[in-house]
Structure formats: structure tokens, C-alpha cells
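Below is work-v3.txt, which holds compact mmCIF, N, CA and C atoms.
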```txt
# COMPACT_ATOMS: atom_id res chain seq x y z
N GLN A 9 23.44 3.56 15.46
CA GLN A 9 22.59 3.58 14.27
C GLN A 9 22.51 2.20 13.64
N VAL A 10 21.33 1.92 13.12
CA VAL A 10 21.10 0.66 12.41
C VAL A 10 20.55 1.00 11.03
N GLN A 11 21.11 0.38 10.03
CA GLN A 11 20.61 0.56 8.66
C GLN A 11 19.92 -0.73 8.23
N LEU A 12 18.77 -0.56 7.59
CA LEU A 12 17.96 -1.70 7.16
C LEU A 12 17.63 -1.54 5.68
N VAL A 13 17.85 -2.59 4.92
CA VAL A 13 17.56 -2.55 3.49
C VAL A 13 16.72 -3.77 3.13
N GLU A 14 15.50 -3.49 2.67
CA GLU A 14 14.60 -4.57 2.29
C GLU A 14 14.78 -4.94 0.82
N SER A 15 14.44 -6.16 0.50
CA SER A 15 14.41 -6.62 -0.88
C SER A 15 13.45 -7.78 -0.99
N GLY A 16 13.11 -8.14 -2.22
CA GLY A 16 12.28 -9.31 -2.43
C GLY A 16 10.84 -9.03 -2.81
N GLY A 17 10.45 -7.77 -2.76
CA GLY A 17 9.08 -7.44 -3.15
C GLY A 17 8.88 -7.64 -4.65
N GLY A 18 7.63 -7.58 -5.06
CA GLY A 18 7.35 -7.75 -6.47
C GLY A 18 5.88 -8.01 -6.71
N TYR A 19 5.64 -8.51 -7.89
CA TYR A 19 4.27 -8.76 -8.35
C TYR A 19 4.04 -10.27 -8.36
N VAL A 20 2.92 -10.69 -7.79
CA VAL A 20 2.62 -12.12 -7.74
C VAL A 20 1.11 -12.32 -7.84
N GLN A 21 0.71 -13.41 -8.38
CA GLN A 21 -0.72 -13.72 -8.47
C GLN A 21 -1.22 -14.29 -7.14
N ALA A 22 -2.50 -14.13 -6.91
CA ALA A 22 -3.11 -14.66 -5.70
C ALA A 22 -2.79 -16.15 -5.56
N GLY A 23 -2.47 -16.55 -4.34
CA GLY A 23 -2.09 -17.92 -4.08
C GLY A 23 -0.60 -18.17 -4.16
N GLY A 24 0.12 -17.21 -4.67
CA GLY A 24 1.56 -17.35 -4.83
C GLY A 24 2.33 -17.02 -3.56
N SER A 25 3.65 -17.04 -3.70
CA SER A 25 4.53 -16.83 -2.56
C SER A 25 5.63 -15.82 -2.91
N LEU A 26 6.11 -15.16 -1.89
CA LEU A 26 7.27 -14.29 -1.99
C LEU A 26 8.06 -14.40 -0.70
N ARG A 27 9.34 -14.14 -0.79
CA ARG A 27 10.17 -14.06 0.41
C ARG A 27 10.86 -12.70 0.45
N LEU A 28 10.58 -11.97 1.50
CA LEU A 28 11.22 -10.68 1.70
C LEU A 28 12.47 -10.86 2.56
N SER A 29 13.45 -10.02 2.28
CA SER A 29 14.69 -10.03 3.06
C SER A 29 14.94 -8.63 3.59
N CYS A 30 15.58 -8.57 4.74
CA CYS A 30 15.97 -7.30 5.34
C CYS A 30 17.39 -7.44 5.85
N ALA A 31 18.31 -6.76 5.19
CA ALA A 31 19.71 -6.81 5.58
C ALA A 31 20.00 -5.69 6.57
N ALA A 32 20.53 -6.06 7.71
CA ALA A 32 20.82 -5.09 8.77
C ALA A 32 22.32 -4.84 8.86
N SER A 33 22.66 -3.59 9.15
CA SER A 33 24.06 -3.23 9.35
C SER A 33 24.14 -2.12 10.38
N GLY A 34 25.35 -1.85 10.83
CA GLY A 34 25.53 -0.82 11.85
C GLY A 34 25.59 -1.44 13.23
N SER A 35 24.92 -0.81 14.18
CA SER A 35 24.97 -1.25 15.59
C SER A 35 24.00 -2.39 15.85
N ILE A 36 24.17 -3.46 15.12
CA ILE A 36 23.22 -4.57 15.22
C ILE A 36 23.36 -5.32 16.54
N PHE A 37 24.47 -5.16 17.23
CA PHE A 37 24.65 -5.84 18.50
C PHE A 37 23.64 -5.35 19.53
N ALA A 38 23.10 -4.15 19.33
CA ALA A 38 22.16 -3.56 20.29
C ALA A 38 20.71 -3.84 19.95
N ILE A 39 20.46 -4.58 18.89
CA ILE A 39 19.08 -4.85 18.48
C ILE A 39 18.43 -5.81 19.46
N ASP A 40 17.22 -5.46 19.87
CA ASP A 40 16.46 -6.30 20.78
C ASP A 40 15.39 -7.11 20.06
N SER A 41 14.81 -6.53 19.03
CA SER A 41 13.80 -7.22 18.23
C SER A 41 13.78 -6.64 16.83
N MET A 42 13.26 -7.42 15.92
CA MET A 42 13.09 -6.97 14.54
C MET A 42 11.74 -7.45 14.04
N GLY A 43 11.30 -6.87 12.95
CA GLY A 43 10.02 -7.30 12.44
C GLY A 43 9.65 -6.65 11.14
N TRP A 44 8.42 -6.92 10.76
CA TRP A 44 7.88 -6.40 9.52
C TRP A 44 6.55 -5.71 9.79
N TYR A 45 6.37 -4.57 9.18
CA TYR A 45 5.11 -3.86 9.14
C TYR A 45 4.74 -3.71 7.67
N ARG A 46 3.49 -3.36 7.43
CA ARG A 46 3.07 -3.06 6.07
C ARG A 46 2.07 -1.92 6.06
N GLN A 47 2.01 -1.27 4.93
CA GLN A 47 1.06 -0.17 4.76
C GLN A 47 0.44 -0.27 3.39
N ALA A 48 -0.85 -0.53 3.38
CA ALA A 48 -1.61 -0.60 2.14
C ALA A 48 -2.06 0.80 1.75
N PRO A 49 -2.38 1.02 0.48
CA PRO A 49 -2.82 2.34 0.04
C PRO A 49 -4.02 2.83 0.84
N GLY A 50 -3.92 4.01 1.39
CA GLY A 50 -5.03 4.60 2.13
C GLY A 50 -5.24 4.05 3.52
N LYS A 51 -4.32 3.23 3.98
CA LYS A 51 -4.47 2.63 5.30
C LYS A 51 -3.25 2.95 6.17
N GLN A 52 -3.43 2.73 7.47
CA GLN A 52 -2.33 2.95 8.40
C GLN A 52 -1.36 1.78 8.35
N ARG A 53 -0.15 2.07 8.75
CA ARG A 53 0.85 1.02 8.85
C ARG A 53 0.45 0.04 9.93
N GLU A 54 0.57 -1.25 9.65
CA GLU A 54 0.17 -2.27 10.61
C GLU A 54 1.26 -3.31 10.78
N LEU A 55 1.27 -3.88 11.96
CA LEU A 55 2.25 -4.92 12.26
C LEU A 55 1.93 -6.19 11.50
N VAL A 56 2.97 -6.82 10.98
CA VAL A 56 2.80 -8.10 10.30
C VAL A 56 3.38 -9.22 11.18
N ALA A 57 4.65 -9.06 11.56
CA ALA A 57 5.31 -10.09 12.36
C ALA A 57 6.52 -9.49 13.04
N THR A 58 6.81 -10.00 14.21
CA THR A 58 7.99 -9.57 14.94
C THR A 58 8.73 -10.78 15.49
N MET A 59 9.99 -10.55 15.81
CA MET A 59 10.81 -11.62 16.34
C MET A 59 11.85 -11.03 17.27
N THR A 60 11.92 -11.52 18.49
CA THR A 60 12.92 -11.03 19.44
C THR A 60 14.24 -11.75 19.20
N THR A 61 15.29 -11.22 19.80
CA THR A 61 16.59 -11.88 19.68
C THR A 61 16.56 -13.25 20.33
N GLY A 62 15.62 -13.47 21.24
CA GLY A 62 15.47 -14.77 21.87
C GLY A 62 14.66 -15.75 21.04
N GLY A 63 14.15 -15.28 19.91
CA GLY A 63 13.43 -16.17 19.01
C GLY A 63 11.92 -16.21 19.18
N ILE A 64 11.39 -15.33 20.02
CA ILE A 64 9.94 -15.30 20.21
C ILE A 64 9.30 -14.57 19.03
N ARG A 65 8.35 -15.24 18.42
CA ARG A 65 7.69 -14.70 17.24
C ARG A 65 6.26 -14.26 17.56
N ASN A 66 5.83 -13.23 16.87
CA ASN A 66 4.47 -12.74 17.02
C ASN A 66 3.95 -12.37 15.63
N TYR A 67 2.71 -12.79 15.35
CA TYR A 67 2.13 -12.54 14.04
C TYR A 67 0.78 -11.84 14.16
N ALA A 68 0.48 -11.02 13.18
CA ALA A 68 -0.87 -10.49 13.06
C ALA A 68 -1.82 -11.64 12.74
N ASP A 69 -3.03 -11.55 13.23
CA ASP A 69 -4.00 -12.62 12.98
C ASP A 69 -4.21 -12.85 11.49
N SER A 70 -4.13 -11.79 10.72
CA SER A 70 -4.43 -11.89 9.29
C SER A 70 -3.38 -12.68 8.52
N VAL A 71 -2.20 -12.90 9.12
CA VAL A 71 -1.14 -13.61 8.39
C VAL A 71 -0.75 -14.92 9.05
N LYS A 72 -1.31 -15.21 10.20
CA LYS A 72 -0.97 -16.46 10.89
C LYS A 72 -1.25 -17.66 10.01
N GLY A 73 -0.30 -18.57 9.98
CA GLY A 73 -0.44 -19.77 9.17
C GLY A 73 -0.03 -19.59 7.73
N ARG A 74 0.19 -18.34 7.32
CA ARG A 74 0.60 -18.08 5.93
C ARG A 74 2.01 -17.47 5.85
N PHE A 75 2.35 -16.65 6.81
CA PHE A 75 3.64 -15.95 6.81
C PHE A 75 4.53 -16.53 7.90
N THR A 76 5.83 -16.54 7.63
CA THR A 76 6.80 -17.00 8.61
C THR A 76 7.96 -16.02 8.67
N ILE A 77 8.26 -15.56 9.87
CA ILE A 77 9.40 -14.67 10.08
C ILE A 77 10.57 -15.51 10.56
N SER A 78 11.74 -15.21 10.04
CA SER A 78 12.94 -15.94 10.46
C SER A 78 14.15 -15.03 10.34
N ARG A 79 15.26 -15.52 10.86
CA ARG A 79 16.46 -14.68 10.90
C ARG A 79 17.69 -15.54 10.67
N ASP A 80 18.62 -15.01 9.91
CA ASP A 80 19.93 -15.65 9.73
C ASP A 80 20.96 -14.75 10.39
N ASN A 81 21.39 -15.12 11.57
CA ASN A 81 22.31 -14.26 12.31
C ASN A 81 23.66 -14.12 11.62
N ALA A 82 24.10 -15.16 10.94
CA ALA A 82 25.39 -15.09 10.26
C ALA A 82 25.37 -14.06 9.13
N LYS A 83 24.21 -13.87 8.55
CA LYS A 83 24.08 -12.92 7.45
C LYS A 83 23.46 -11.60 7.89
N ASN A 84 23.13 -11.50 9.18
CA ASN A 84 22.47 -10.28 9.69
C ASN A 84 21.24 -9.93 8.86
N THR A 85 20.47 -10.94 8.56
CA THR A 85 19.33 -10.76 7.66
C THR A 85 18.06 -11.34 8.27
N LEU A 86 17.00 -10.59 8.16
CA LEU A 86 15.67 -10.99 8.59
C LEU A 86 14.86 -11.35 7.35
N TYR A 87 14.03 -12.37 7.47
CA TYR A 87 13.22 -12.81 6.33
C TYR A 87 11.74 -12.82 6.69
N LEU A 88 10.94 -12.73 5.66
CA LEU A 88 9.50 -12.93 5.80
C LEU A 88 9.06 -13.79 4.63
N GLN A 89 8.77 -15.05 4.91
CA GLN A 89 8.25 -15.94 3.89
C GLN A 89 6.73 -15.77 3.85
N MET A 90 6.21 -15.43 2.70
CA MET A 90 4.79 -15.16 2.56
C MET A 90 4.19 -16.15 1.57
N ASN A 91 3.27 -16.97 2.05
CA ASN A 91 2.60 -17.95 1.22
C ASN A 91 1.11 -17.66 1.14
N SER A 92 0.47 -18.28 0.18
CA SER A 92 -0.98 -18.11 -0.01
C SER A 92 -1.37 -16.64 -0.03
N LEU A 93 -0.65 -15.88 -0.80
CA LEU A 93 -0.89 -14.44 -0.84
C LEU A 93 -2.24 -14.12 -1.46
N SER A 94 -2.85 -13.07 -0.96
CA SER A 94 -4.13 -12.59 -1.48
C SER A 94 -3.99 -11.12 -1.81
N PRO A 95 -4.91 -10.58 -2.61
CA PRO A 95 -4.84 -9.14 -2.94
C PRO A 95 -4.83 -8.25 -1.69
N GLU A 96 -5.41 -8.74 -0.60
CA GLU A 96 -5.43 -7.96 0.65
C GLU A 96 -4.03 -7.81 1.26
N ASP A 97 -3.08 -8.59 0.78
CA ASP A 97 -1.70 -8.48 1.26
C ASP A 97 -0.91 -7.43 0.49
N THR A 98 -1.51 -6.84 -0.52
CA THR A 98 -0.83 -5.80 -1.28
C THR A 98 -0.51 -4.61 -0.39
N ALA A 99 0.75 -4.25 -0.34
CA ALA A 99 1.19 -3.16 0.54
C ALA A 99 2.68 -2.93 0.33
N VAL A 100 3.14 -1.83 0.91
CA VAL A 100 4.58 -1.64 1.07
C VAL A 100 4.97 -2.29 2.39
N TYR A 101 5.94 -3.14 2.35
CA TYR A 101 6.40 -3.86 3.54
C TYR A 101 7.69 -3.21 4.05
N TYR A 102 7.66 -2.89 5.34
CA TYR A 102 8.79 -2.23 5.97
C TYR A 102 9.43 -3.13 7.02
N CYS A 103 10.72 -3.15 7.00
CA CYS A 103 11.49 -3.83 8.03
C CYS A 103 11.77 -2.83 9.15
N TYR A 104 11.73 -3.30 10.38
CA TYR A 104 12.09 -2.41 11.47
C TYR A 104 12.95 -3.16 12.49
N ALA A 105 13.69 -2.40 13.24
CA ALA A 105 14.50 -2.94 14.32
C ALA A 105 14.37 -2.03 15.53
N ARG A 106 14.32 -2.64 16.69
CA ARG A 106 14.25 -1.87 17.94
C ARG A 106 15.45 -2.27 18.79
N ASN A 107 16.15 -1.26 19.30
CA ASN A 107 17.32 -1.60 20.11
C ASN A 107 16.96 -1.64 21.59
N VAL A 108 17.94 -1.90 22.39
CA VAL A 108 17.70 -2.13 23.82
C VAL A 108 17.25 -0.89 24.56
N VAL A 109 17.41 0.29 23.96
CA VAL A 109 16.91 1.52 24.59
C VAL A 109 15.65 2.01 23.88
N GLN A 110 15.02 1.08 23.17
CA GLN A 110 13.70 1.33 22.56
C GLN A 110 13.73 2.36 21.43
N THR A 111 14.84 2.48 20.75
CA THR A 111 14.90 3.29 19.55
C THR A 111 14.55 2.43 18.35
N ASP A 112 13.66 2.93 17.51
CA ASP A 112 13.22 2.19 16.33
C ASP A 112 13.93 2.68 15.08
N TYR A 113 14.26 1.73 14.22
CA TYR A 113 14.85 2.04 12.93
C TYR A 113 13.99 1.39 11.84
N TRP A 114 13.92 2.06 10.71
CA TRP A 114 13.05 1.58 9.64
C TRP A 114 13.81 1.53 8.32
N GLY A 115 13.46 0.53 7.51
CA GLY A 115 13.92 0.52 6.14
C GLY A 115 13.02 1.38 5.29
N LYS A 116 13.36 1.47 4.01
CA LYS A 116 12.59 2.31 3.10
C LYS A 116 11.38 1.59 2.52
N GLY A 117 11.31 0.29 2.69
CA GLY A 117 10.15 -0.46 2.25
C GLY A 117 10.34 -1.14 0.91
N THR A 118 9.56 -2.18 0.71
CA THR A 118 9.55 -2.89 -0.57
C THR A 118 8.09 -3.20 -0.90
N LEU A 119 7.72 -2.96 -2.14
CA LEU A 119 6.32 -3.08 -2.56
C LEU A 119 5.99 -4.51 -2.94
N VAL A 120 4.89 -4.98 -2.39
CA VAL A 120 4.33 -6.29 -2.75
C VAL A 120 2.96 -6.05 -3.37
N THR A 121 2.78 -6.54 -4.57
CA THR A 121 1.51 -6.41 -5.27
C THR A 121 0.98 -7.79 -5.60
N VAL A 122 -0.23 -8.08 -5.13
CA VAL A 122 -0.85 -9.38 -5.38
C VAL A 122 -2.07 -9.17 -6.25
N SER A 123 -2.07 -9.81 -7.40
CA SER A 123 -3.20 -9.66 -8.32
C SER A 123 -4.22 -10.78 -8.10
N SER A 124 -5.46 -10.47 -8.40
CA SER A 124 -6.53 -11.45 -8.20
C SER A 124 -6.69 -12.33 -9.42
```
Turn the structure described in the file into C-alpha cells.
Amino acid sequence: QVQLVESGGGYVQAGGSLRLSCAASGSIFAIDSMGWYRQAPGKQRELVATMTTGGIRNYADSVKGRFTISRDNAKNTLYLQMNSLSPEDTAVYYCYARNVVQTDYWGKGTLVTVSS
């Protein structure tokens, strides 16, 4: 089992920045990749960014050049630095982890609200 706890969400004006954190615990030795998804009101959950244990990063086209995913292995924490935020980025952001047998774990989410 892997437990994930997100933090860092909040309210920000358009053009601003936020950094989300995801603290992982439990069987983290078996994690193969981690990432962030988001779900806006009335929309399906969508991928934002992922990162493998080997450091390969993948971003949604809508956030490329604005968001950066990173990881601090010593702290077992995943980050999402979000810059140049727009109202379209308003959503609940979820941290996820996938282990080597393809089991997915999810955090409870953190709300990001961007005002125009």
C-alpha cells in the first residue's frame, strides 16, 4: 500500500504561481512512476504531468512550459511547480503513484482556484 497526501493548493490570481506537494508513505520502494492529474468542475480527470523513477517526465500540452514536475527522494515527496496560472487551470489536483505491478494509488486531492 502507498499513501499519498497532497498539499499546497489554494487561491491565486491569473498569472500567479503555486507549488503543490505530494508526500508519499508506505511501500514506496515499489513505486514505478508518480504524477499529477486534475479534474475541473464538470469535466473528466485529465493527466497533468508524470515522472518515472528514472526521471523521465511527461506533460500535458496545456501545461508544457508552465508546469514542472520534480521529486525529492530524501523526503519522499513529489512536487508540481505551476507558473503563469490561468482560470483554465482551476481544478482539484490529484497525486497518483503506480507500482511495478501496475496498481494505482491516489491522494484525496487539493483544490487550485485561479481567478481572472
Using only C-alpha atoms for the distances, tell me which of A:Cys30, A:Val56, A:Ile64, A:Ala38 is nearest to Leu86 (chain A).
A:Cys30
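If only N, CA and C atoms are the atoms counted, then among A:Met42, A:Ser124, A:Val100, A:Leu119 the closest residue to Gly18 (chain A) is A:Leu119.
Across the structure, CA of Ile36 (chain A) and atom N of Tyr19 (chain A) are spaced 29.3 Å apart.
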Rank A:Ser123, A:Ser41, A:Ser94, A:Thr118 by their smallest atom-to-atom distance to Ser70 (chain A), using only C-alpha atoms, and report the top residue only.
A:Ser94
Draw an axis-aligned box tight on the listed atoms of region 67-79 of chain A, then pad every side by 4 Å and write out centre and edge lengths in Å to one decimal as JSON.
```
{"center_x": 6.6, "center_y": -15.1, "center_z": 10.6, "size_x": 30.1, "size_y": 17.3, "size_z": 17.5}
```
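Using all atoms listed in the file, the smallest distance between any of A:Asn66, A:Thr85, A:Thr61, A:Ser15 and Ser33 (chain A) comes from A:Thr85.
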Show me, as a list in words, the residues that have an atom within 12 Å of Thr111 (chain A) when counting only C-alpha atoms, minus same-chain residues fewer than 4 positions from it.
Gln9, Val10, Ser35, Ala38, Ile39, Asp40, Ser41, Met42, Tyr104, Ala105, Arg106 and Asn107 of chain A
Exercise: Tyr87 (chain A) partners within 12 Å, only C-alpha atoms, chain neighbours under 5 positions left out, as number ranges by chain:
A: 13-17, 26-32, 42-44, 57-59, 75-81, 101-104
Print the selection's residues with N, CA and C atoms to a file, as a PDB file, in the frame of the given file.
```pdb
ATOM      1  N   VAL A  13      17.850  -2.590   4.920  1.00  0.00           N
ATOM      2  CA  VAL A  13      17.560  -2.550   3.490  1.00  0.00           C
ATOM      3  C   VAL A  13      16.720  -3.770   3.130  1.00  0.00           C
ATOM      4  N   GLU A  14      15.500  -3.490   2.670  1.00  0.00           N
ATOM      5  CA  GLU A  14      14.600  -4.570   2.290  1.00  0.00           C
ATOM      6  C   GLU A  14      14.780  -4.940   0.820  1.00  0.00           C
ATOM      7  N   SER A  15      14.440  -6.160   0.500  1.00  0.00           N
ATOM      8  CA  SER A  15      14.410  -6.620  -0.880  1.00  0.00           C
ATOM      9  C   SER A  15      13.450  -7.780  -0.990  1.00  0.00           C
ATOM     10  N   GLY A  16      13.110  -8.140  -2.220  1.00  0.00           N
ATOM     11  CA  GLY A  16      12.280  -9.310  -2.430  1.00  0.00           C
ATOM     12  C   GLY A  16      10.840  -9.030  -2.810  1.00  0.00           C
ATOM     13  N   GLY A  17      10.450  -7.770  -2.760  1.00  0.00           N
ATOM     14  CA  GLY A  17       9.080  -7.440  -3.150  1.00  0.00           C
ATOM     15  C   GLY A  17       8.880  -7.640  -4.650  1.00  0.00           C
ATOM     16  N   LEU A  26       6.110 -15.160  -1.890  1.00  0.00           N
ATOM     17  CA  LEU A  26       7.270 -14.290  -1.990  1.00  0.00           C
ATOM     18  C   LEU A  26       8.060 -14.400  -0.700  1.00  0.00           C
ATOM     19  N   ARG A  27       9.340 -14.140  -0.790  1.00  0.00           N
ATOM     20  CA  ARG A  27      10.170 -14.060   0.410  1.00  0.00           C
ATOM     21  C   ARG A  27      10.860 -12.700   0.450  1.00  0.00           C
ATOM     22  N   LEU A  28      10.580 -11.970   1.500  1.00  0.00           N
ATOM     23  CA  LEU A  28      11.220 -10.680   1.700  1.00  0.00           C
ATOM     24  C   LEU A  28      12.470 -10.860   2.560  1.00  0.00           C
ATOM     25  N   SER A  29      13.450 -10.020   2.280  1.00  0.00           N
ATOM     26  CA  SER A  29      14.690 -10.030   3.060  1.00  0.00           C
ATOM     27  C   SER A  29      14.940  -8.630   3.590  1.00  0.00           C
ATOM     28  N   CYS A  30      15.580  -8.570   4.740  1.00  0.00           N
ATOM     29  CA  CYS A  30      15.970  -7.300   5.340  1.00  0.00           C
ATOM     30  C   CYS A  30      17.390  -7.440   5.850  1.00  0.00           C
ATOM     31  N   ALA A  31      18.310  -6.760   5.190  1.00  0.00           N
ATOM     32  CA  ALA A  31      19.710  -6.810   5.580  1.00  0.00           C
ATOM     33  C   ALA A  31      20.000  -5.690   6.570  1.00  0.00           C
ATOM     34  N   ALA A  32      20.530  -6.060   7.710  1.00  0.00           N
ATOM     35  CA  ALA A  32      20.820  -5.090   8.770  1.00  0.00           C
ATOM     36  C   ALA A  32      22.320  -4.840   8.860  1.00  0.00           C
ATOM     37  N   MET A  42      13.260  -7.420  15.920  1.00  0.00           N
ATOM     38  CA  MET A  42      13.090  -6.970  14.540  1.00  0.00           C
ATOM     39  C   MET A  42      11.740  -7.450  14.040  1.00  0.00           C
ATOM     40  N   GLY A  43      11.300  -6.870  12.950  1.00  0.00           N
ATOM     41  CA  GLY A  43      10.020  -7.300  12.440  1.00  0.00           C
ATOM     42  C   GLY A  43       9.650  -6.650  11.140  1.00  0.00           C
ATOM     43  N   TRP A  44       8.420  -6.920  10.760  1.00  0.00           N
ATOM     44  CA  TRP A  44       7.880  -6.400   9.520  1.00  0.00           C
ATOM     45  C   TRP A  44       6.550  -5.710   9.790  1.00  0.00           C
ATOM     46  N   ALA A  57       4.650  -9.060  11.560  1.00  0.00           N
ATOM     47  CA  ALA A  57       5.310 -10.090  12.360  1.00  0.00           C
ATOM     48  C   ALA A  57       6.520  -9.490  13.040  1.00  0.00           C
ATOM     49  N   THR A  58       6.810 -10.000  14.210  1.00  0.00           N
ATOM     50  CA  THR A  58       7.990  -9.570  14.940  1.00  0.00           C
ATOM     51  C   THR A  58       8.730 -10.780  15.490  1.00  0.00           C
ATOM     52  N   MET A  59       9.990 -10.550  15.810  1.00  0.00           N
ATOM     53  CA  MET A  59      10.810 -11.620  16.340  1.00  0.00           C
ATOM     54  C   MET A  59      11.850 -11.030  17.270  1.00  0.00           C
ATOM     55  N   PHE A  75       2.350 -16.650   6.810  1.00  0.00           N
ATOM     56  CA  PHE A  75       3.640 -15.950   6.810  1.00  0.00           C
ATOM     57  C   PHE A  75       4.530 -16.530   7.900  1.00  0.00           C
ATOM     58  N   THR A  76       5.830 -16.540   7.630  1.00  0.00           N
ATOM     59  CA  THR A  76       6.800 -17.000   8.610  1.00  0.00           C
ATOM     60  C   THR A  76       7.960 -16.020   8.670  1.00  0.00           C
ATOM     61  N   ILE A  77       8.260 -15.560   9.870  1.00  0.00           N
ATOM     62  CA  ILE A  77       9.400 -14.670  10.080  1.00  0.00           C
ATOM     63  C   ILE A  77      10.570 -15.510  10.560  1.00  0.00           C
ATOM     64  N   SER A  78      11.740 -15.210  10.040  1.00  0.00           N
ATOM     65  CA  SER A  78      12.940 -15.940  10.460  1.00  0.00           C
ATOM     66  C   SER A  78      14.150 -15.030  10.340  1.00  0.00           C
ATOM     67  N   ARG A  79      15.260 -15.520  10.860  1.00  0.00           N
ATOM     68  CA  ARG A  79      16.460 -14.680  10.900  1.00  0.00           C
ATOM     69  C   ARG A  79      17.690 -15.540  10.670  1.00  0.00           C
ATOM     70  N   ASP A  80      18.620 -15.010   9.910  1.00  0.00           N
ATOM     71  CA  ASP A  80      19.930 -15.650   9.730  1.00  0.00           C
ATOM     72  C   ASP A  80      20.960 -14.750  10.390  1.00  0.00           C
ATOM     73  N   ASN A  81      21.390 -15.120  11.570  1.00  0.00           N
ATOM     74  CA  ASN A  81      22.310 -14.260  12.310  1.00  0.00           C
ATOM     75  C   ASN A  81      23.660 -14.120  11.620  1.00  0.00           C
ATOM     76  N   TYR A 101       5.940  -3.140   2.350  1.00  0.00           N
ATOM     77  CA  TYR A 101       6.400  -3.860   3.540  1.00  0.00           C
ATOM     78  C   TYR A 101       7.690  -3.210   4.050  1.00  0.00           C
ATOM     79  N   TYR A 102       7.660  -2.890   5.340  1.00  0.00           N
ATOM     80  CA  TYR A 102       8.790  -2.230   5.970  1.00  0.00           C
ATOM     81  C   TYR A 102       9.430  -3.130   7.020  1.00  0.00           C
ATOM     82  N   CYS A 103      10.720  -3.150   7.000  1.00  0.00           N
ATOM     83  CA  CYS A 103      11.490  -3.830   8.030  1.00  0.00           C
ATOM     84  C   CYS A 103      11.770  -2.830   9.150  1.00  0.00           C
ATOM     85  N   TYR A 104      11.730  -3.300  10.380  1.00  0.00           N
ATOM     86  CA  TYR A 104      12.090  -2.410  11.470  1.00  0.00           C
ATOM     87  C   TYR A 104      12.950  -3.160  12.490  1.00  0.00           C
TER      88      TYR A 104
END
```
Which value, in Å to one decimal, gives the distance between atom N of Leu93 (chain A) and atom C of Val20 (chain A)?
8.1 Å
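Taking chain A and asking which residues DSSP calls helix (DSSP H, G or I) on the backbone, you get A:Ile36, A:Phe37, A:Ala38, A:Asn81, A:Ala82, A:Lys83, A:Pro95, A:Glu96, A:Asp97.
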If you run DSSP on this backbone, which residues of chain A come out as strand (DSSP E or B), and could you give them as a PyMOL selection string?
chain A and resi 10-15+18-21+26-34+39-47+54-60+65-67+75-80+85-90+99-107+112-114+118-123
